[in-house]
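Undergrad: Take a look at run-v1.cif, mmCIF, C-alpha atoms:
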data_query
#
loop_
_atom_site.label_atom_id
_atom_site.label_comp_id
_atom_site.auth_asym_id
_atom_site.auth_seq_id
_atom_site.Cartn_x
_atom_site.Cartn_y
_atom_site.Cartn_z
CA MET U 1 162.11 126.81 81.93
CA HIS U 2 165.83 126.82 82.71
CA ASN U 3 166.07 130.50 81.75
CA ILE U 4 163.33 131.36 84.25
CA TYR U 5 165.14 129.49 87.02
CA LYS U 6 168.39 131.20 85.99
CA GLU U 7 166.72 134.59 86.46
CA LEU U 8 165.77 133.41 89.96
CA GLY U 9 169.39 132.69 90.82
CA ILE U 10 169.60 128.97 90.09
CA SER U 11 172.83 127.82 88.45
CA GLU U 12 172.94 125.49 85.47
CA GLU U 13 174.61 122.77 87.54
CA VAL U 14 171.97 122.78 90.29
CA TYR U 15 169.09 122.93 87.80
CA ALA U 16 170.43 119.98 85.77
CA PHE U 17 171.04 117.92 88.91
CA CYS U 18 167.45 118.43 90.12
CA ASP U 19 165.80 118.12 86.71
CA GLU U 20 167.25 114.65 86.17
CA ILE U 21 165.82 113.51 89.50
CA LEU U 22 162.40 115.00 88.78
CA ARG U 23 162.07 113.17 85.48
CA SER U 24 162.52 109.84 87.27
CA LEU U 25 159.71 110.56 89.75
CA LYS U 26 156.78 110.87 87.33
CA PRO U 27 155.34 107.35 88.01
CA ARG U 28 155.25 108.04 91.77
CA PHE U 29 153.69 111.44 91.24
CA ASP U 30 150.94 109.86 89.11
CA LYS U 31 150.03 107.58 92.04
CA ILE U 32 149.85 110.56 94.38
CA ASP U 33 147.45 112.26 91.97
CA GLU U 34 145.21 109.16 92.16
CA LEU U 35 145.27 109.36 95.97
CA ALA U 36 144.33 113.04 95.81
CA GLU U 37 141.36 112.22 93.60
CA ILE U 38 140.10 109.57 96.03
CA ASN U 39 140.34 111.94 98.99
CA GLN U 40 138.88 114.83 97.00
CA LEU U 41 135.80 112.76 96.26
CA LYS U 42 135.56 111.78 99.92
CA VAL U 43 135.47 115.46 100.92
CA ILE U 44 132.93 116.38 98.23
CA ASP U 45 130.69 113.49 99.25
CA ALA U 46 130.70 114.61 102.90
CA MET U 47 129.89 118.20 101.93
CA GLN U 48 127.03 117.15 99.66
CA LYS U 49 125.65 114.67 102.18
CA ASN U 50 125.42 117.41 104.81
CA ASN U 51 123.88 120.00 102.46
CA VAL U 52 126.66 122.57 102.72
CA SER U 53 125.10 125.82 101.49
CA GLU U 54 125.98 129.48 101.05
CA ALA U 55 124.36 130.14 104.41
CA CYS U 56 127.02 127.93 106.02
CA MET U 57 129.67 130.52 105.10
CA LEU U 58 128.11 133.43 106.96
CA GLY U 59 129.32 132.87 110.53
CA THR U 60 128.11 134.25 113.84
CA THR U 61 129.19 136.67 116.57
CA GLY U 62 128.82 136.84 120.33
CA TYR U 63 127.80 133.56 121.90
CA GLY U 64 127.55 131.84 118.55
CA TYR U 65 124.21 130.16 119.22
CA ASN U 66 122.57 128.38 116.27
CA ASP U 67 125.68 128.61 114.11
CA LEU U 68 124.56 126.61 111.06
CA GLY U 69 127.95 126.72 109.35
CA ARG U 70 129.88 125.61 112.42
CA GLU U 71 127.52 122.76 113.18
CA THR U 72 127.45 121.59 109.56
CA LEU U 73 131.23 121.72 109.29
CA GLU U 74 131.54 119.47 112.32
CA LYS U 75 129.18 116.97 110.68
CA VAL U 76 131.31 117.12 107.52
CA TYR U 77 134.47 116.35 109.53
CA ALA U 78 132.73 113.50 111.35
CA ASP U 79 131.71 111.99 108.01
CA ILE U 80 135.16 112.33 106.45
CA PHE U 81 136.81 110.68 109.47
CA HIS U 82 133.92 108.20 110.00
CA THR U 83 133.40 109.20 113.63
CA GLU U 84 130.36 109.81 115.82
CA ASP U 85 131.09 113.49 116.37
CA ALA U 86 133.62 116.26 115.81
CA LEU U 87 134.79 119.51 117.37
CA VAL U 88 136.17 121.93 114.76
CA ARG U 89 136.80 125.35 116.23
CA ALA U 90 138.61 128.61 115.64
CA GLN U 91 139.01 128.78 119.42
CA ILE U 92 141.51 125.88 119.26
CA THR U 93 144.73 127.82 118.78
CA CYS U 94 147.11 125.18 117.39
CA GLY U 95 147.86 121.46 117.19
CA THR U 96 149.38 121.36 120.67
CA HIS U 97 146.27 123.05 122.07
CA ALA U 98 144.02 120.52 120.32
CA LEU U 99 146.04 117.62 121.76
CA ALA U 100 146.12 119.17 125.23
CA LEU U 101 142.36 119.71 125.05
CA ALA U 102 141.72 116.08 124.07
CA LEU U 103 143.97 114.80 126.87
CA MET U 104 142.89 117.13 129.66
CA SER U 105 139.19 116.70 128.97
CA ASN U 106 139.29 112.90 129.01
CA LEU U 107 141.72 112.29 131.88
CA ARG U 108 140.98 112.75 135.59
CA PRO U 109 143.17 112.81 138.72
CA GLY U 110 144.46 109.31 139.38
CA ASP U 111 144.34 108.28 135.71
CA GLU U 112 147.44 107.34 133.76
CA LEU U 113 148.45 108.35 130.25
CA LEU U 114 150.50 105.91 128.17
CA CYS U 115 152.62 106.77 125.12
CA PRO U 116 153.48 103.44 123.44
CA ALA U 117 155.72 104.86 120.71
CA GLY U 118 158.38 106.59 122.74
CA LYS U 119 158.81 110.27 123.45
CA PRO U 120 155.96 112.52 122.28
CA TYR U 121 156.42 115.73 120.32
CA ASP U 122 158.46 118.34 122.19
CA THR U 123 155.61 120.75 122.94
CA LEU U 124 153.61 117.96 124.63
CA GLU U 125 156.32 117.43 127.24
CA GLU U 126 155.09 120.44 129.22
CA VAL U 127 151.45 119.48 128.66
CA ILE U 128 152.12 116.08 130.20
CA GLY U 129 154.59 117.28 132.82
CA ILE U 130 157.68 115.47 131.56
CA ARG U 131 159.16 118.96 131.75
CA ASP U 132 157.60 120.76 134.68
CA SER U 133 155.11 123.40 133.62
CA ARG U 134 152.24 125.24 135.25
CA GLY U 135 148.90 123.54 134.56
CA SER U 136 150.35 120.26 133.30
CA LEU U 137 148.60 116.91 133.60
CA LYS U 138 151.15 115.96 136.24
CA GLU U 139 150.12 118.96 138.33
CA TYR U 140 146.52 117.70 138.19
CA GLY U 141 147.44 114.22 139.39
CA VAL U 142 147.60 112.39 136.06
CA SER U 143 150.56 110.02 135.89
CA TYR U 144 152.52 109.14 132.77
CA LYS U 145 154.19 106.08 131.29
CA GLN U 146 156.22 105.75 128.13
CA VAL U 147 157.32 102.66 126.23
CA ASP U 148 160.26 103.32 123.94
CA LEU U 149 160.57 101.73 120.54
CA LEU U 150 162.81 98.72 120.00
CA ASN U 151 166.22 99.16 118.41
CA ASN U 152 164.71 98.30 115.02
CA ARG U 153 162.12 101.07 115.63
CA ASP U 154 159.22 98.63 115.91
CA PHE U 155 156.70 98.84 118.72
CA ASP U 156 157.76 97.04 121.90
CA TYR U 157 154.60 94.98 122.22
CA GLU U 158 155.81 93.12 125.32
CA GLY U 159 156.74 96.40 126.98
CA ILE U 160 153.36 97.89 126.10
CA LYS U 161 151.56 94.88 127.55
CA ASN U 162 153.51 95.24 130.81
CA ALA U 163 152.89 98.99 130.98
CA ILE U 164 149.08 98.79 130.74
CA ASN U 165 147.49 98.57 134.19
CA GLU U 166 144.30 99.38 136.06
CA LYS U 167 145.13 103.12 136.02
CA THR U 168 145.72 103.32 132.25
CA LYS U 169 142.89 105.50 130.98
CA LEU U 170 144.20 106.90 127.70
CA VAL U 171 146.80 105.80 125.16
CA ALA U 172 148.26 108.50 122.90
CA ILE U 173 149.81 107.47 119.57
CA GLN U 174 151.75 110.01 117.53
CA ARG U 175 151.39 109.29 113.82
CA SER U 176 154.13 111.58 112.56
CA LYS U 177 157.77 111.43 113.60
CA GLY U 178 157.95 114.93 115.12
CA TYR U 179 161.54 115.94 115.89
CA GLN U 180 162.69 112.32 115.80
CA THR U 181 164.33 110.12 113.19
CA ARG U 182 161.93 107.20 113.53
CA PRO U 183 159.57 106.39 110.66
CA SER U 184 156.09 107.86 110.65
CA TYR U 185 153.40 105.22 111.07
CA SER U 186 150.99 104.03 108.42
CA VAL U 187 147.31 103.76 109.25
CA ASP U 188 147.61 99.98 109.06
CA GLN U 189 150.49 99.97 111.57
CA ILE U 190 148.45 102.14 113.90
CA GLY U 191 145.50 99.77 113.45
CA GLU U 192 147.64 96.78 114.46
CA LEU U 193 148.81 98.61 117.59
CA ILE U 194 145.24 99.62 118.47
CA ALA U 195 144.02 96.03 118.07
CA PHE U 196 146.82 94.80 120.34
CA ILE U 197 145.98 97.37 123.04
CA ARG U 198 142.24 96.60 122.78
CA GLY U 199 143.05 92.92 123.36
CA ILE U 200 144.60 93.86 126.69
CA LYS U 201 142.22 96.62 127.85
CA PRO U 202 139.16 97.07 125.60
CA GLU U 203 137.77 100.11 127.43
CA VAL U 204 140.90 102.27 127.22
CA ILE U 205 140.61 105.51 125.20
CA ILE U 206 142.98 105.60 122.23
CA MET U 207 143.90 108.99 120.79
CA VAL U 208 145.98 109.52 117.65
CA ASP U 209 147.91 112.72 117.03
CA ASN U 210 147.02 113.03 113.36
CA CYS U 211 149.04 116.18 112.62
CA TYR U 212 150.67 116.13 109.17
CA GLY U 213 148.97 112.83 108.28
CA GLU U 214 145.52 113.79 107.00
CA PHE U 215 144.83 112.75 103.38
CA THR U 216 148.25 111.14 102.89
CA GLU U 217 146.49 107.75 102.69
CA GLU U 218 143.03 106.55 101.72
CA LYS U 219 142.19 105.78 105.37
CA GLU U 220 142.54 107.72 108.63
CA PRO U 221 143.34 106.31 112.10
CA SER U 222 139.67 106.60 113.05
CA ASP U 223 138.97 103.97 110.38
CA VAL U 224 141.09 101.45 112.30
CA GLY U 225 139.73 101.92 115.81
CA ALA U 226 141.04 105.21 117.23
CA ASP U 227 138.58 106.84 119.65
CA MET U 228 139.92 110.31 118.84
CA VAL U 229 141.96 111.78 115.98
CA VAL U 230 143.36 115.24 116.60
CA GLY U 231 144.95 117.87 114.38
CA SER U 232 145.51 121.48 113.41
CA LEU U 233 143.72 123.44 110.70
CA ILE U 234 146.90 125.31 109.75
CA LYS U 235 148.31 121.94 108.74
CA ASN U 236 146.83 119.51 106.21
CA PRO U 237 143.03 119.85 106.56
CA GLY U 238 143.04 123.65 106.38
CA GLY U 239 144.40 123.51 102.85
CA GLY U 240 146.46 126.66 103.40
CA LEU U 241 143.34 128.84 103.70
CA ALA U 242 142.29 128.26 107.32
CA PRO U 243 143.88 131.12 109.30
CA LEU U 244 143.71 129.28 112.64
CA GLY U 245 141.88 126.46 114.40
CA GLY U 246 142.02 122.79 115.24
CA TYR U 247 139.85 119.69 115.28
CA ILE U 248 139.06 116.60 117.34
CA CYS U 249 137.01 113.84 115.72
CA GLY U 250 135.89 110.78 117.62
CA LYS U 251 133.41 109.12 119.92
CA LYS U 252 130.55 111.31 121.07
CA GLU U 253 131.47 111.11 124.76
CA CYS U 254 135.09 112.09 124.08
CA ILE U 255 134.00 115.04 121.94
CA GLU U 256 131.48 116.23 124.54
CA ASN U 257 134.20 116.13 127.20
CA ALA U 258 136.47 118.19 124.96
CA ALA U 259 133.72 120.72 124.21
CA TYR U 260 132.98 121.23 127.92
CA ARG U 261 136.67 121.78 128.55
CA LEU U 262 137.05 124.19 125.62
CA THR U 263 134.09 126.37 126.63
CA SER U 264 132.45 125.62 129.99
CA PRO U 265 130.56 122.85 131.77
CA GLY U 266 126.93 123.21 130.79
CA LEU U 267 127.73 125.07 127.56
CA GLY U 268 129.88 122.69 125.51
CA LYS U 269 129.40 122.84 121.74
CA GLU U 270 126.50 125.29 121.91
CA VAL U 271 128.73 128.37 122.10
CA GLY U 272 131.75 129.62 120.17
CA ALA U 273 131.19 132.23 117.48
CA SER U 274 132.80 131.47 114.12
CA LEU U 275 133.01 135.13 113.08
CA THR U 276 134.25 135.27 109.44
CA VAL U 277 136.41 132.13 109.19
CA LEU U 278 133.91 129.51 108.02
CA ARG U 279 134.38 130.15 104.32
CA ASP U 280 138.13 129.60 104.74
CA PHE U 281 137.51 126.44 106.78
CA TYR U 282 135.21 124.96 104.14
CA GLN U 283 137.23 126.01 101.12
CA GLY U 284 140.52 124.99 102.74
CA LEU U 285 139.11 121.54 103.53
CA PHE U 286 137.88 121.27 99.93
CA LEU U 287 141.36 122.06 98.58
CA SER U 288 143.23 119.99 101.15
CA PRO U 289 143.57 116.69 99.22
CA THR U 290 145.31 118.39 96.28
CA VAL U 291 147.41 120.62 98.55
CA VAL U 292 148.55 117.56 100.51
CA ALA U 293 149.40 115.87 97.21
CA SER U 294 151.69 118.79 96.33
CA ALA U 295 153.37 118.50 99.71
CA LEU U 296 153.86 114.74 99.29
CA LYS U 297 155.47 115.25 95.89
CA GLY U 298 157.77 117.86 97.39
CA ALA U 299 158.79 115.55 100.24
CA ILE U 300 159.64 112.77 97.79
CA PHE U 301 161.60 115.19 95.61
CA ALA U 302 163.55 116.45 98.64
CA ALA U 303 164.36 112.90 99.77
CA ASN U 304 165.71 111.98 96.35
CA VAL U 305 167.81 115.14 96.01
CA TYR U 306 169.44 114.98 99.42
CA GLU U 307 169.87 111.22 99.50
CA LYS U 308 171.74 111.43 96.20
CA LEU U 309 174.02 114.02 97.82
CA GLY U 310 174.88 111.50 100.55
CA PHE U 311 172.70 112.72 103.43
CA ALA U 312 170.57 110.40 105.54
CA VAL U 313 166.87 111.01 104.87
CA ILE U 314 163.75 109.68 106.60
CA PRO U 315 161.68 108.45 104.83
CA ASP U 316 164.22 107.40 102.23
CA SER U 317 163.86 108.07 98.53
CA VAL U 318 161.67 105.03 97.77
CA GLU U 319 159.59 104.48 100.93
CA ASP U 320 155.82 104.92 101.05
CA ARG U 321 154.58 108.12 102.69
CA HIS U 322 152.33 108.39 105.75
CA ASP U 323 152.72 112.11 106.45
CA ILE U 324 154.06 115.18 104.66
CA ILE U 325 157.28 115.53 106.68
CA GLN U 326 160.72 114.87 105.23
CA ALA U 327 163.66 114.66 107.63
CA VAL U 328 167.21 115.29 106.43
CA THR U 329 170.20 114.69 108.70
CA PHE U 330 172.88 117.24 107.88
CA GLY U 331 175.28 116.46 110.73
CA ASP U 332 176.48 120.05 110.52
CA LYS U 333 175.02 123.27 111.90
CA ASP U 334 176.02 125.43 108.92
CA LYS U 335 174.42 123.05 106.41
CA MET U 336 171.20 122.93 108.41
CA ILE U 337 171.01 126.73 108.62
CA ALA U 338 171.83 127.11 104.91
CA PHE U 339 169.02 124.71 103.97
CA CYS U 340 166.46 126.64 106.02
CA GLN U 341 167.66 129.97 104.65
CA GLY U 342 167.31 128.60 101.11
CA ILE U 343 163.72 127.53 101.79
CA GLN U 344 162.96 130.98 103.22
CA ALA U 345 164.50 132.67 100.16
CA ALA U 346 162.05 130.74 97.94
CA SER U 347 159.00 131.96 99.88
CA PRO U 348 156.40 134.39 98.51
CA VAL U 349 156.27 136.16 101.89
CA ASP U 350 159.35 137.44 103.76
CA SER U 351 161.75 135.99 101.18
CA PHE U 352 164.26 138.69 102.15
CA VAL U 353 164.43 137.48 105.76
CA LYS U 354 167.25 135.18 106.92
CA PRO U 355 165.97 132.80 109.62
CA GLU U 356 168.23 132.37 112.64
CA PRO U 357 167.97 129.93 115.58
CA TRP U 358 166.00 131.22 118.58
CA ALA U 359 164.50 130.08 121.87
CA MET U 360 161.05 129.13 120.58
CA PRO U 361 158.38 128.58 123.30
CA GLY U 362 157.75 124.93 124.18
CA TYR U 363 161.15 123.58 123.08
CA ASP U 364 164.24 122.64 125.11
CA SER U 365 166.78 124.05 122.63
CA ASP U 366 167.05 126.81 120.06
CA VAL U 367 164.98 126.14 116.94
CA ILE U 368 165.48 127.45 113.41
CA MET U 369 162.36 127.85 111.33
CA ALA U 370 161.93 128.85 107.71
CA ALA U 371 158.32 129.87 107.27
CA GLY U 372 157.60 132.52 104.68
CA ALA U 373 153.89 131.82 104.80
CA PHE U 374 150.61 133.65 104.21
CA ILE U 375 149.38 132.22 107.55
CA SER U 376 151.83 132.61 110.42
CA GLY U 377 153.17 129.22 111.48
CA SER U 378 151.25 127.34 108.79
CA SER U 379 153.20 124.15 108.17
CA ILE U 380 151.00 123.03 105.27
CA GLU U 381 152.72 125.91 103.49
CA LEU U 382 156.35 125.46 102.44
CA SER U 383 158.41 125.41 105.64
CA ALA U 384 161.42 123.83 107.29
CA ASP U 385 162.50 123.73 110.89
CA GLY U 386 164.40 121.80 113.49
CA PRO U 387 166.17 122.02 116.86
CA LEU U 388 169.72 123.29 116.63
CA LYS U 389 171.41 120.30 118.22
CA GLU U 390 173.18 117.19 117.01
CA PRO U 391 172.72 115.44 114.65
CA TYR U 392 171.27 118.60 113.10
CA ASN U 393 168.11 117.18 111.60
CA VAL U 394 165.91 119.48 109.59
CA TYR U 395 162.23 118.75 109.02
CA PHE U 396 160.83 119.93 105.70
CA GLN U 397 157.11 119.97 104.99
CA GLY U 398 154.27 121.56 103.12
CA GLY U 399 153.77 123.46 99.89
CA LEU U 400 150.46 124.73 98.55
CA THR U 401 151.50 124.05 94.95
CA PHE U 402 154.12 121.68 93.59
CA PRO U 403 155.87 124.35 91.45
CA HIS U 404 156.53 126.28 94.66
CA VAL U 405 157.79 123.19 96.52
CA LYS U 406 160.03 122.37 93.56
CA PHE U 407 161.51 125.86 93.59
CA GLY U 408 162.03 125.68 97.36
CA ILE U 409 164.05 122.46 97.17
CA ILE U 410 166.12 123.72 94.24
CA LYS U 411 166.77 127.02 96.06
CA SER U 412 167.83 125.20 99.23
CA LEU U 413 170.36 123.20 97.23
CA GLN U 414 171.55 126.35 95.46
CA THR U 415 172.23 127.96 98.85
CA LEU U 416 174.27 124.99 100.04
CA TYR U 417 176.11 124.84 96.70
CA GLU U 418 177.04 128.54 96.72
CA ARG U 419 178.50 128.18 100.22
CA ASP U 420 180.58 125.15 99.17
CA LEU U 421 178.71 122.92 101.63
CA VAL U 422 177.80 120.24 99.07
CA THR U 423 179.36 118.70 96.00
CA LEU U 424 177.03 117.74 93.16
CA LYS U 425 177.51 114.11 92.14
#
Let me see the file written as structure tokens.
TA:
Amino acid sequence: MHNIYKELGISEEVYAFCDEILRSLKPRFDKIDELAEINQLKVIDAMQKNNVSEACMLGTTGYGYNDLGRETLEKVYADIFHTEDALVRAQITCGTHALALALMSNLRPGDELLCPAGKPYDTLEEVIGIRDSRGSLKEYGVSYKQVDLLNNRDFDYEGIKNAINEKTKLVAIQRSKGYQTRPSYSVDQIGELIAFIRGIKPEVIIMVDNCYGEFTEEKEPSDVGADMVVGSLIKNPGGGLAPLGGYICGKKECIENAAYRLTSPGLGKEVGASLTVLRDFYQGLFLSPTVVASALKGAIFAANVYEKLGFAVIPDSVEDRHDIIQAVTFGDKDKMIAFCQGIQAASPVDSFVKPEPWAMPGYDSDVIMAAGAFISGSSIELSADGPLKEPYNVYFQGGLTFPHVKFGIIKSLQTLYERDLVTLK
């Protein structure tokens, strides 16, 4: 094995450093395999219950009326997430679009949106109107409140209680950390927050941004009271095969509102041709639990490697996982760039490209992104990115197979080592 890595440019010192760490992680990896089996069976059960057939893979064109595969897939998603209904569409372009769709379809002028866990993900700032943007919720008369986390990063329950008022229509909870250094939330933590909010205003709509979190636990936020869970198909549930798309699962009324916003009042879920993507949607969902397991193993491996080198990592090397993202604080621009370039160099696609920071749409600073993926922008595939600003945090995620994730982490360390940016301990 070492000879193969040597042929791929990995030095003996880097290989030995990483191999020792990997050997210590086997008990944790065994538990992740058990989780993958539980979620795999959940997916199979939903597919069998809804009689998924070869005909479901065929797709439609034009208006997309009577699309058996599309309608069955939405029933499968609703069963997996234990919700009344689901909207799973190729016409949803990305995770931000799915979240914007859920918000804009269920909020009206005069309503107020509350984020009880601090600042939302960067690309939602323009959706909400925190940063002025054409077509934002703010432009349509929807106000916004935010309750920051306490210094210990716990929810500010007293602040949340004071923020909820007669105008509060929808509460948005972000499960994953995004470009922040706070912990990602477990389903149980989200459930506690939902129960607290329900005790103050039972009728409020609670939406959870589920991006990067699907299948990382046995339960989903919809199992603990969320009215909507929202995500992207080029993240966890697409399994690396879905070429585009997003989903919203939740209460029937919320899903109907989203469908009317996505297509047109009066049309809703009845239209939206699936063309040729349904096979990828079904097969990607089927593979997702094991793909997510590979990504989780890779995140744990990365945390252990870079924590041992003295870098701050969130989650740390021993914490439980609630999403697939691993944050590493490099505190140095050159180290951050070297890490991303190492990840890119380990990719099967565009390995010869050197990522550089650029003004990526939706962000307030230059962003560097390593993403040598089969699907453009697919962050369930091995990728790393982050805003080029202090403290120079990089966010590593994904990996369709663990051997690839392993190689990516080792290659990232090799890049830092060759540039004399780290000392192996």
Undergrad: Determine the residue membership of the PyMOL selection byres ((chain U and resi 186-195) around 12) for the file above and supply it as an MDAnalysis selection string.
TA: chainID U and resid 115:117 154:158 160:161 170:177 183:185 196:210 213:229 319:323
Undergrad: Keeping only C-alpha atoms, write those residues as a CSV table (one decimal), in the coordinates of the input.
TA:
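Output contents, as saved in again.csv:
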chain,number,residue,atom,x,y,z
U,115,CYS,CA,152.6,106.8,125.1
U,116,PRO,CA,153.5,103.4,123.4
U,117,ALA,CA,155.7,104.9,120.7
U,154,ASP,CA,159.2,98.6,115.9
U,155,PHE,CA,156.7,98.8,118.7
U,156,ASP,CA,157.8,97.0,121.9
U,157,TYR,CA,154.6,95.0,122.2
U,158,GLU,CA,155.8,93.1,125.3
U,160,ILE,CA,153.4,97.9,126.1
U,161,LYS,CA,151.6,94.9,127.6
U,170,LEU,CA,144.2,106.9,127.7
U,171,VAL,CA,146.8,105.8,125.2
U,172,ALA,CA,148.3,108.5,122.9
U,173,ILE,CA,149.8,107.5,119.6
U,174,GLN,CA,151.8,110.0,117.5
U,175,ARG,CA,151.4,109.3,113.8
U,176,SER,CA,154.1,111.6,112.6
U,177,LYS,CA,157.8,111.4,113.6
U,183,PRO,CA,159.6,106.4,110.7
U,184,SER,CA,156.1,107.9,110.6
U,185,TYR,CA,153.4,105.2,111.1
U,196,PHE,CA,146.8,94.8,120.3
U,197,ILE,CA,146.0,97.4,123.0
U,198,ARG,CA,142.2,96.6,122.8
U,199,GLY,CA,143.0,92.9,123.4
U,200,ILE,CA,144.6,93.9,126.7
U,201,LYS,CA,142.2,96.6,127.8
U,202,PRO,CA,139.2,97.1,125.6
U,203,GLU,CA,137.8,100.1,127.4
U,204,VAL,CA,140.9,102.3,127.2
U,205,ILE,CA,140.6,105.5,125.2
U,206,ILE,CA,143.0,105.6,122.2
U,207,MET,CA,143.9,109.0,120.8
U,208,VAL,CA,146.0,109.5,117.6
U,209,ASP,CA,147.9,112.7,117.0
U,210,ASN,CA,147.0,113.0,113.4
U,213,GLY,CA,149.0,112.8,108.3
U,214,GLU,CA,145.5,113.8,107.0
U,215,PHE,CA,144.8,112.8,103.4
U,216,THR,CA,148.2,111.1,102.9
U,217,GLU,CA,146.5,107.8,102.7
U,218,GLU,CA,143.0,106.6,101.7
U,219,LYS,CA,142.2,105.8,105.4
U,220,GLU,CA,142.5,107.7,108.6
U,221,PRO,CA,143.3,106.3,112.1
U,222,SER,CA,139.7,106.6,113.0
U,223,ASP,CA,139.0,104.0,110.4
U,224,VAL,CA,141.1,101.4,112.3
U,225,GLY,CA,139.7,101.9,115.8
U,226,ALA,CA,141.0,105.2,117.2
U,227,ASP,CA,138.6,106.8,119.6
U,228,MET,CA,139.9,110.3,118.8
U,229,VAL,CA,142.0,111.8,116.0
U,319,GLU,CA,159.6,104.5,100.9
U,320,ASP,CA,155.8,104.9,101.0
U,321,ARG,CA,154.6,108.1,102.7
U,322,HIS,CA,152.3,108.4,105.8
U,323,ASP,CA,152.7,112.1,106.4
Undergrad: Mind checking which residues fall within 10 Å of segment 96-102 of chain U, counting all atoms listed in the file, ignoring those fewer than 5 positions away in the same chain, and posting them as a ChimeraX atom specification?
TA: /U:87-89,91,107,121-124,126-128,136-137,172,207-211,228-232,245-249,254-255,257-262,362
Undergrad: Just the number, please: distance in Å from atom CA of Asp364 of chain U to atom CA of Asp332 of chain U, one decimal.
TA: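 Atom CA of Asp332 of chain U lies 19.2 Å from atom CA of Asp364 of chain U.
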Undergrad: Looking at only C-alpha atoms, which of U:Pro361, U:Gly118, U:Gly129, U:Gly298 is the one that sits closest to Gln326 of chain U?
TA: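 Ranking U:Pro361, U:Gly118, U:Gly129, U:Gly298 by distance to Gln326 of chain U, first place goes to U:Gly298.
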Undergrad: So the first atom is atom CA of Lys297 of chain U and the second is atom CA of Leu388 of chain U; what is the distance between them in Å, to one decimal place?
TA: 26.4 Å
Undergrad: Could you give me, as a PyMOL selection string, the residues within 12 Å of Met1 of chain U, counting all atoms listed in the file and dropping anything in the same chain fewer than 2 positions from it?
TA: chain U and resi 3-8+10+12+15-16+19+403+407
Undergrad: Starting from the shown file, work through the PyMOL selection byres ((chain U and resi 274-284) around 10) and note down what comes out as a PyMOL selection string.
TA: chain U and resi 47+52+54+56-64+67+69-70+73+76+88-91+233-234+236-245+271-273+285-289+291
Undergrad: Output the selection as an mmCIF file, in the frame of the given file - C-alpha atoms for each residue.
TA:
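Contents of result-v9.cif, freshly written:
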data_model
loop_
_atom_site.group_PDB
_atom_site.id
_atom_site.type_symbol
_atom_site.label_atom_id
_atom_site.label_comp_id
_atom_site.auth_asym_id
_atom_site.auth_seq_id
_atom_site.Cartn_x
_atom_site.Cartn_y
_atom_site.Cartn_z
ATOM 1 C CA MET U 47 129.890 118.200 101.930
ATOM 2 C CA VAL U 52 126.660 122.570 102.720
ATOM 3 C CA GLU U 54 125.980 129.480 101.050
ATOM 4 C CA CYS U 56 127.020 127.930 106.020
ATOM 5 C CA MET U 57 129.670 130.520 105.100
ATOM 6 C CA LEU U 58 128.110 133.430 106.960
ATOM 7 C CA GLY U 59 129.320 132.870 110.530
ATOM 8 C CA THR U 60 128.110 134.250 113.840
ATOM 9 C CA THR U 61 129.190 136.670 116.570
ATOM 10 C CA GLY U 62 128.820 136.840 120.330
ATOM 11 C CA TYR U 63 127.800 133.560 121.900
ATOM 12 C CA GLY U 64 127.550 131.840 118.550
ATOM 13 C CA ASP U 67 125.680 128.610 114.110
ATOM 14 C CA GLY U 69 127.950 126.720 109.350
ATOM 15 C CA ARG U 70 129.880 125.610 112.420
ATOM 16 C CA LEU U 73 131.230 121.720 109.290
ATOM 17 C CA VAL U 76 131.310 117.120 107.520
ATOM 18 C CA VAL U 88 136.170 121.930 114.760
ATOM 19 C CA ARG U 89 136.800 125.350 116.230
ATOM 20 C CA ALA U 90 138.610 128.610 115.640
ATOM 21 C CA GLN U 91 139.010 128.780 119.420
ATOM 22 C CA LEU U 233 143.720 123.440 110.700
ATOM 23 C CA ILE U 234 146.900 125.310 109.750
ATOM 24 C CA ASN U 236 146.830 119.510 106.210
ATOM 25 C CA PRO U 237 143.030 119.850 106.560
ATOM 26 C CA GLY U 238 143.040 123.650 106.380
ATOM 27 C CA GLY U 239 144.400 123.510 102.850
ATOM 28 C CA GLY U 240 146.460 126.660 103.400
ATOM 29 C CA LEU U 241 143.340 128.840 103.700
ATOM 30 C CA ALA U 242 142.290 128.260 107.320
ATOM 31 C CA PRO U 243 143.880 131.120 109.300
ATOM 32 C CA LEU U 244 143.710 129.280 112.640
ATOM 33 C CA GLY U 245 141.880 126.460 114.400
ATOM 34 C CA VAL U 271 128.730 128.370 122.100
ATOM 35 C CA GLY U 272 131.750 129.620 120.170
ATOM 36 C CA ALA U 273 131.190 132.230 117.480
ATOM 37 C CA LEU U 285 139.110 121.540 103.530
ATOM 38 C CA PHE U 286 137.880 121.270 99.930
ATOM 39 C CA LEU U 287 141.360 122.060 98.580
ATOM 40 C CA SER U 288 143.230 119.990 101.150
ATOM 41 C CA PRO U 289 143.570 116.690 99.220
ATOM 42 C CA VAL U 291 147.410 120.620 98.550
#
Undergrad: For Lys308 of chain U, which residue out of U:Gln344, U:Ser379, U:Glu20, U:Tyr144 is the nearest one, using only C-alpha atoms?
TA: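 Smallest separation from Lys308 of chain U among the options: U:Glu20.
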Undergrad: List, as a list in words, every residue that the PyMOL selection byres ((chain U and resi 302) around 10) selects in the file provided.
TA: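 Applied to this file, the PyMOL selection byres ((chain U and resi 302) around 10) returns Cys18, Ile21, Leu296, Lys297, Gly298, Ala299, Ile300, Phe301, Ala303, Asn304, Val305, Tyr306, Glu307, Lys308, Val313, Asp316, Ser317, Gln326, Ala327, Val328, Phe396, Gln397, Val405, Lys406, Gly408, Ile409, Ile410, Ser412 and Leu413 of chain U.
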